[in-house]
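Source file: entry-v6.txt (compact mmCIF, C-alpha atoms)
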```txt
# COMPACT_ATOMS: atom_id res chain seq x y z
CA MET I 146 43.64 71.80 90.13
CA ALA I 147 45.59 74.81 91.34
CA THR I 148 45.13 78.04 89.50
CA LEU I 149 47.91 80.41 88.59
CA ASN I 150 46.70 82.94 91.18
CA SER I 151 46.76 80.40 94.00
CA ILE I 152 50.22 79.21 93.00
CA GLU I 153 51.54 82.79 92.86
CA SER I 154 50.10 83.57 96.28
CA ARG I 155 51.82 80.48 97.72
CA PHE I 156 55.12 81.58 96.18
CA GLU I 157 54.76 85.00 97.81
CA ALA I 158 53.94 83.48 101.21
CA ASN I 159 56.85 81.06 100.93
CA GLU I 160 59.23 83.88 99.98
CA MET I 161 58.30 85.82 103.14
CA GLU I 162 58.78 82.71 105.27
CA ARG I 163 62.13 82.04 103.57
CA LYS I 164 63.36 85.53 104.52
CA LYS I 165 62.55 84.80 108.17
CA GLN I 166 64.43 81.51 108.02
CA LEU I 167 67.43 83.19 106.38
CA LYS I 168 68.09 85.12 109.61
CA SER I 169 67.74 81.95 111.69
CA THR I 170 70.24 80.08 109.52
CA ARG I 171 72.71 82.98 109.66
CA SER I 172 72.42 83.05 113.45
CA ALA I 173 73.07 79.31 113.73
CA ILE I 174 76.22 79.63 111.61
CA ASP I 175 77.43 82.65 113.61
CA LEU I 176 76.85 80.89 116.94
CA THR I 177 78.69 77.82 115.73
CA LEU I 178 81.69 79.92 114.74
CA LEU I 179 81.64 81.87 118.02
CA LYS I 180 81.31 78.89 120.37
CA ILE I 181 84.79 77.52 119.73
CA PRO I 182 87.19 79.91 117.99
CA GLY I 183 89.71 78.41 115.60
CA LYS I 184 87.50 75.55 114.42
CA SER I 185 88.43 73.89 111.17
CA LEU I 186 85.95 73.95 108.32
CA GLY I 187 85.21 70.26 108.94
CA GLU I 188 84.44 70.91 112.61
CA VAL I 189 82.14 73.80 111.71
CA ILE I 190 80.25 71.59 109.26
CA LYS I 191 79.89 68.82 111.88
CA SER I 192 78.61 71.32 114.46
CA LEU I 193 76.08 72.67 111.98
CA GLU I 194 74.89 69.13 111.24
CA LYS I 195 74.11 68.70 114.94
CA LEU I 196 71.86 71.77 114.61
CA GLY I 197 70.08 70.26 111.61
CA ILE I 198 71.96 72.25 108.95
CA ALA I 199 73.79 70.21 106.32
CA SER I 200 76.51 71.84 104.24
CA VAL I 201 77.23 70.98 100.64
CA LYS I 202 80.70 72.06 99.52
CA ARG I 203 81.48 72.69 95.87
CA GLU I 204 85.07 72.12 94.80
CA ASN I 205 86.73 72.28 91.40
CA GLN I 206 88.80 69.43 89.97
CA GLU I 207 91.90 70.75 91.72
CA GLY I 208 90.13 70.60 95.07
CA ARG I 209 89.65 74.35 95.49
CA LEU I 210 86.50 75.19 97.40
CA TYR I 211 84.46 77.68 95.40
CA GLY I 212 80.99 77.43 96.91
CA ILE I 213 78.94 76.23 99.84
CA THR I 214 75.22 75.57 100.21
CA TYR I 215 73.40 75.23 103.51
CA VAL I 216 70.42 72.87 103.82
CA ASP I 217 68.41 73.72 106.93
CA HIS I 218 66.37 70.60 107.64
CA ARG I 219 64.50 72.27 110.51
CA SER I 220 63.02 75.01 108.34
CA LYS I 221 63.17 73.02 105.09
CA CYS I 222 65.08 75.85 103.38
CA VAL I 223 68.15 75.73 101.16
CA PHE I 224 70.49 78.72 100.92
CA ASN I 225 73.63 79.33 98.89
CA GLY I 226 76.27 80.86 101.11
CA SER I 227 76.45 83.98 98.95
CA VAL I 228 72.69 84.52 99.39
CA LEU I 229 73.14 84.58 103.18
CA GLY I 230 75.85 87.21 102.82
CA LYS I 231 79.53 87.67 102.08
CA ASP I 232 80.59 86.17 105.43
CA TYR I 233 78.65 82.97 104.71
CA SER I 234 80.04 82.31 101.22
CA ALA I 235 82.84 79.77 100.75
CA LYS I 236 85.53 82.45 100.87
CA GLY I 237 83.94 84.20 103.84
CA LEU I 238 83.61 80.97 105.79
CA LEU I 239 87.21 80.01 105.06
CA ASP I 240 88.37 83.44 106.20
CA ARG I 241 86.31 83.16 109.40
CA THR I 242 87.72 79.71 110.19
CA GLY I 243 91.29 80.93 109.75
CA PHE I 244 92.06 79.57 106.30
CA GLN I 245 93.70 81.83 103.78
CA SER I 246 91.69 82.78 100.73
CA ALA I 247 92.52 81.71 97.20
CA LYS I 248 93.76 85.26 96.47
CA SER I 249 96.67 84.70 98.85
CA GLY I 250 98.06 82.01 96.56
CA ILE I 251 97.31 79.15 98.93
CA ARG I 252 94.78 76.72 97.62
CA LEU I 253 92.74 74.10 99.39
CA GLY I 254 93.43 70.49 98.62
CA PRO I 255 90.79 67.80 98.39
CA LEU I 256 89.45 66.53 101.69
CA THR I 257 90.64 63.01 100.91
CA LYS I 258 94.36 63.73 101.31
CA SER I 259 96.17 61.84 104.06
CA ARG I 260 98.29 63.55 106.71
CA GLY I 261 101.45 62.33 104.93
CA GLN I 262 100.42 64.14 101.77
CA LEU I 263 100.09 67.50 103.52
CA ASN I 264 103.74 68.39 103.00
CA GLU I 265 103.71 67.66 99.28
CA LYS I 266 104.04 70.57 96.91
CA GLN I 267 101.85 70.82 93.85
CA GLY I 268 102.55 73.46 91.26
CA GLY I 269 104.80 75.30 93.73
CA GLN I 270 101.88 75.93 96.11
CA PRO I 271 101.52 74.19 99.47
CA LEU I 272 98.38 72.15 99.90
CA ILE I 273 96.09 72.84 102.82
CA THR I 274 93.69 70.04 103.55
CA THR I 275 91.28 69.21 106.31
CA LYS I 276 90.87 65.82 107.87
CA GLU I 277 88.42 64.58 110.49
CA SER I 278 91.17 64.85 113.09
CA GLY I 279 91.67 68.59 112.54
CA GLN I 280 93.28 71.01 110.14
CA LYS I 281 96.71 71.73 108.74
```

Spit out the file's structure as structure tokens when you get a sec.
Amino acid sequence: MATLNSIESRFEANEMERKKQLKSTRSAIDLTLLKIPGKSLGEVIKSLEKLGIASVKRENQEGRLYGITYVDHRSKCVFNGSVLGKDYSAKGLLDRTGFQSAKSGIRLGPLTKSRGQLNEKQGGQPLITTKESGQK
């Protein structure tokens, strides 16, 4: 049976290891974004998956992206984008991939929209969606 002291010491050791892995995950995201400028969000996520980092996007019912979580399978660490830093949050990543932020009045549509639906207006705002074939 583990004692409280042994559990607390493991938590401390894991926290130090997690901080090391945080830098590694940030670097992998930065390199992915630098390799091919102008990548869509979907392409960035696919590139990260090849490096062993899965991305979990959080969207509201309207399809607006409001959060992203990175699961680094190599280091067995999970990081919210905002924990990695402002540039790794959902808004920061959208800004770095060339998408406009929600403050600009343009909102992201759900990823399931077809290319024909891209030109539809909803609530007076144009929809911006990503598809496997690229971005619009």

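Taking all atoms listed in the file, the non-local environment of Val228 of chain I within 12 Å (same-chain residues fewer than 4 positions away omitted) comprises Arg163, Lys164, Leu167, Lys168, Thr170, Arg171, Gly212, Ile213, Thr214, Tyr215, Val223, Phe224, Asp232, Tyr233, Ser234 and Ala235 of chain I.
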
Subject >> Counting all atoms listed in the file, the residue of I:Lys236, I:Lys231, I:Lys184, I:Arg155 that sits nearest Arg203 of chain I >> reply: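 Under the stated criterion, the closest residue is I:Lys236.
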
**OP:** Figure out the distance between atom CA of Asn225 of chain I and atom CA of Ala158 of chain I, please, to one decimal in Å.
**Re:** 20.3 Å

**OP:** For a cut-off of 10 Å around (64.1, 75.1, 109.7), file coordinates, pick out all residues using only C-alpha atoms and list them as a list in words.
**Re:**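 Answer for this query, in the requested form: Arg163, Lys165, Gln166, Leu167, Ser169, Thr170, Leu196, Gly197, Ile198, Val216, Asp217, His218, Arg219, Ser220, Lys221, Cys222 and Val223 of chain I.
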
Original post:
For the atom pair atom CA of Thr177 of chain I and atom CA of Ile190 of chain I, what is the interatomic distance in Å to one decimal place?
Top reply: 9.1 Å

**OP:** May I ask for the distance between atom CA of Thr242 of chain I and atom CA of Gln206 of chain I, given in Å to one decimal place?
**Re:**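 One can read the atom CA of Thr242 of chain I to atom CA of Gln206 of chain I distance as 22.7 Å.
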
Would you fill out segment 155-178 of chain I with N, CA, C and O atoms and return it as a PDB file, in the frame of the given file?
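result29.pdb was written with the following content:
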```pdb
ATOM      1  N   ARG I 155      50.993  81.388  96.914  1.00  0.00           N
ATOM      2  CA  ARG I 155      51.820  80.480  97.720  1.00  0.00           C
ATOM      3  C   ARG I 155      53.290  80.821  97.598  1.00  0.00           C
ATOM      4  O   ARG I 155      54.033  80.774  98.578  1.00  0.00           O
ATOM      5  N   PHE I 156      53.731  81.175  96.377  1.00  0.00           N
ATOM      6  CA  PHE I 156      55.120  81.580  96.180  1.00  0.00           C
ATOM      7  C   PHE I 156      55.446  82.812  97.004  1.00  0.00           C
ATOM      8  O   PHE I 156      56.503  82.900  97.626  1.00  0.00           O
ATOM      9  N   GLU I 157      54.542  83.780  97.031  1.00  0.00           N
ATOM     10  CA  GLU I 157      54.760  85.000  97.810  1.00  0.00           C
ATOM     11  C   GLU I 157      54.832  84.691  99.304  1.00  0.00           C
ATOM     12  O   GLU I 157      55.698  85.202 100.015  1.00  0.00           O
ATOM     13  N   ALA I 158      53.933  83.856  99.792  1.00  0.00           N
ATOM     14  CA  ALA I 158      53.940  83.480 101.210  1.00  0.00           C
ATOM     15  C   ALA I 158      55.212  82.726 101.557  1.00  0.00           C
ATOM     16  O   ALA I 158      55.827  82.970 102.615  1.00  0.00           O
ATOM     17  N   ASN I 159      55.630  81.821 100.688  1.00  0.00           N
ATOM     18  CA  ASN I 159      56.850  81.060 100.930  1.00  0.00           C
ATOM     19  C   ASN I 159      58.085  81.949 100.920  1.00  0.00           C
ATOM     20  O   ASN I 159      59.025  81.724 101.678  1.00  0.00           O
ATOM     21  N   GLU I 160      58.085  82.958 100.054  1.00  0.00           N
ATOM     22  CA  GLU I 160      59.230  83.880  99.980  1.00  0.00           C
ATOM     23  C   GLU I 160      59.359  84.669 101.286  1.00  0.00           C
ATOM     24  O   GLU I 160      60.474  84.870 101.789  1.00  0.00           O
ATOM     25  N   MET I 161      58.259  85.094 101.861  1.00  0.00           N
ATOM     26  CA  MET I 161      58.300  85.820 103.140  1.00  0.00           C
ATOM     27  C   MET I 161      58.803  84.908 104.253  1.00  0.00           C
ATOM     28  O   MET I 161      59.602  85.315 105.096  1.00  0.00           O
ATOM     29  N   GLU I 162      58.339  83.671 104.255  1.00  0.00           N
ATOM     30  CA  GLU I 162      58.780  82.710 105.270  1.00  0.00           C
ATOM     31  C   GLU I 162      60.273  82.401 105.088  1.00  0.00           C
ATOM     32  O   GLU I 162      61.006  82.266 106.070  1.00  0.00           O
ATOM     33  N   ARG I 163      60.720  82.310 103.872  1.00  0.00           N
ATOM     34  CA  ARG I 163      62.130  82.040 103.570  1.00  0.00           C
ATOM     35  C   ARG I 163      63.021  83.153 104.124  1.00  0.00           C
ATOM     36  O   ARG I 163      64.098  82.887 104.655  1.00  0.00           O
ATOM     37  N   LYS I 164      62.578  84.402 104.010  1.00  0.00           N
ATOM     38  CA  LYS I 164      63.360  85.530 104.520  1.00  0.00           C
ATOM     39  C   LYS I 164      63.508  85.442 106.039  1.00  0.00           C
ATOM     40  O   LYS I 164      64.557  85.767 106.584  1.00  0.00           O
ATOM     41  N   LYS I 165      62.472  84.985 106.724  1.00  0.00           N
ATOM     42  CA  LYS I 165      62.550  84.800 108.170  1.00  0.00           C
ATOM     43  C   LYS I 165      63.577  83.717 108.515  1.00  0.00           C
ATOM     44  O   LYS I 165      64.359  83.859 109.452  1.00  0.00           O
ATOM     45  N   GLN I 166      63.541  82.641 107.758  1.00  0.00           N
ATOM     46  CA  GLN I 166      64.430  81.510 108.020  1.00  0.00           C
ATOM     47  C   GLN I 166      65.883  81.855 107.683  1.00  0.00           C
ATOM     48  O   GLN I 166      66.803  81.297 108.273  1.00  0.00           O
ATOM     49  N   LEU I 167      66.088  82.768 106.754  1.00  0.00           N
ATOM     50  CA  LEU I 167      67.430  83.190 106.380  1.00  0.00           C
ATOM     51  C   LEU I 167      68.160  83.739 107.617  1.00  0.00           C
ATOM     52  O   LEU I 167      69.311  83.392 107.871  1.00  0.00           O
ATOM     53  N   LYS I 168      67.492  84.546 108.403  1.00  0.00           N
ATOM     54  CA  LYS I 168      68.090  85.120 109.610  1.00  0.00           C
ATOM     55  C   LYS I 168      68.411  84.023 110.623  1.00  0.00           C
ATOM     56  O   LYS I 168      69.459  84.047 111.281  1.00  0.00           O
ATOM     57  N   SER I 169      67.529  83.062 110.751  1.00  0.00           N
ATOM     58  CA  SER I 169      67.740  81.950 111.690  1.00  0.00           C
ATOM     59  C   SER I 169      68.962  81.124 111.290  1.00  0.00           C
ATOM     60  O   SER I 169      69.771  80.738 112.143  1.00  0.00           O
ATOM     61  N   THR I 170      69.105  80.861 110.005  1.00  0.00           N
ATOM     62  CA  THR I 170      70.240  80.080 109.520  1.00  0.00           C
ATOM     63  C   THR I 170      71.538  80.844 109.718  1.00  0.00           C
ATOM     64  O   THR I 170      72.548  80.275 110.147  1.00  0.00           O
ATOM     65  N   ARG I 171      71.530  82.139 109.417  1.00  0.00           N
ATOM     66  CA  ARG I 171      72.710  82.980 109.660  1.00  0.00           C
ATOM     67  C   ARG I 171      73.119  82.926 111.128  1.00  0.00           C
ATOM     68  O   ARG I 171      74.301  82.784 111.447  1.00  0.00           O
ATOM     69  N   SER I 172      72.139  83.061 112.010  1.00  0.00           N
ATOM     70  CA  SER I 172      72.420  83.050 113.450  1.00  0.00           C
ATOM     71  C   SER I 172      73.041  81.729 113.891  1.00  0.00           C
ATOM     72  O   SER I 172      73.974  81.706 114.703  1.00  0.00           O
ATOM     73  N   ALA I 173      72.533  80.627 113.370  1.00  0.00           N
ATOM     74  CA  ALA I 173      73.070  79.310 113.730  1.00  0.00           C
ATOM     75  C   ALA I 173      74.526  79.185 113.292  1.00  0.00           C
ATOM     76  O   ALA I 173      75.364  78.659 114.036  1.00  0.00           O
ATOM     77  N   ILE I 174      74.845  79.682 112.101  1.00  0.00           N
ATOM     78  CA  ILE I 174      76.220  79.630 111.610  1.00  0.00           C
ATOM     79  C   ILE I 174      77.114  80.521 112.468  1.00  0.00           C
ATOM     80  O   ILE I 174      78.208  80.119 112.875  1.00  0.00           O
ATOM     81  N   ASP I 175      76.649  81.731 112.782  1.00  0.00           N
ATOM     82  CA  ASP I 175      77.430  82.650 113.610  1.00  0.00           C
ATOM     83  C   ASP I 175      77.702  82.060 114.990  1.00  0.00           C
ATOM     84  O   ASP I 175      78.827  82.131 115.491  1.00  0.00           O
ATOM     85  N   LEU I 176      76.671  81.486 115.613  1.00  0.00           N
ATOM     86  CA  LEU I 176      76.850  80.890 116.940  1.00  0.00           C
ATOM     87  C   LEU I 176      77.830  79.734 116.913  1.00  0.00           C
ATOM     88  O   LEU I 176      78.633  79.572 117.826  1.00  0.00           O
ATOM     89  N   THR I 177      77.764  78.943 115.868  1.00  0.00           N
ATOM     90  CA  THR I 177      78.690  77.820 115.730  1.00  0.00           C
ATOM     91  C   THR I 177      80.124  78.314 115.648  1.00  0.00           C
ATOM     92  O   THR I 177      81.019  77.759 116.276  1.00  0.00           O
ATOM     93  N   LEU I 178      80.340  79.378 114.884  1.00  0.00           N
ATOM     94  CA  LEU I 178      81.690  79.920 114.740  1.00  0.00           C
ATOM     95  C   LEU I 178      82.168  80.609 116.014  1.00  0.00           C
ATOM     96  O   LEU I 178      83.367  80.628 116.299  1.00  0.00           O
TER      97      LEU I 178
END
```
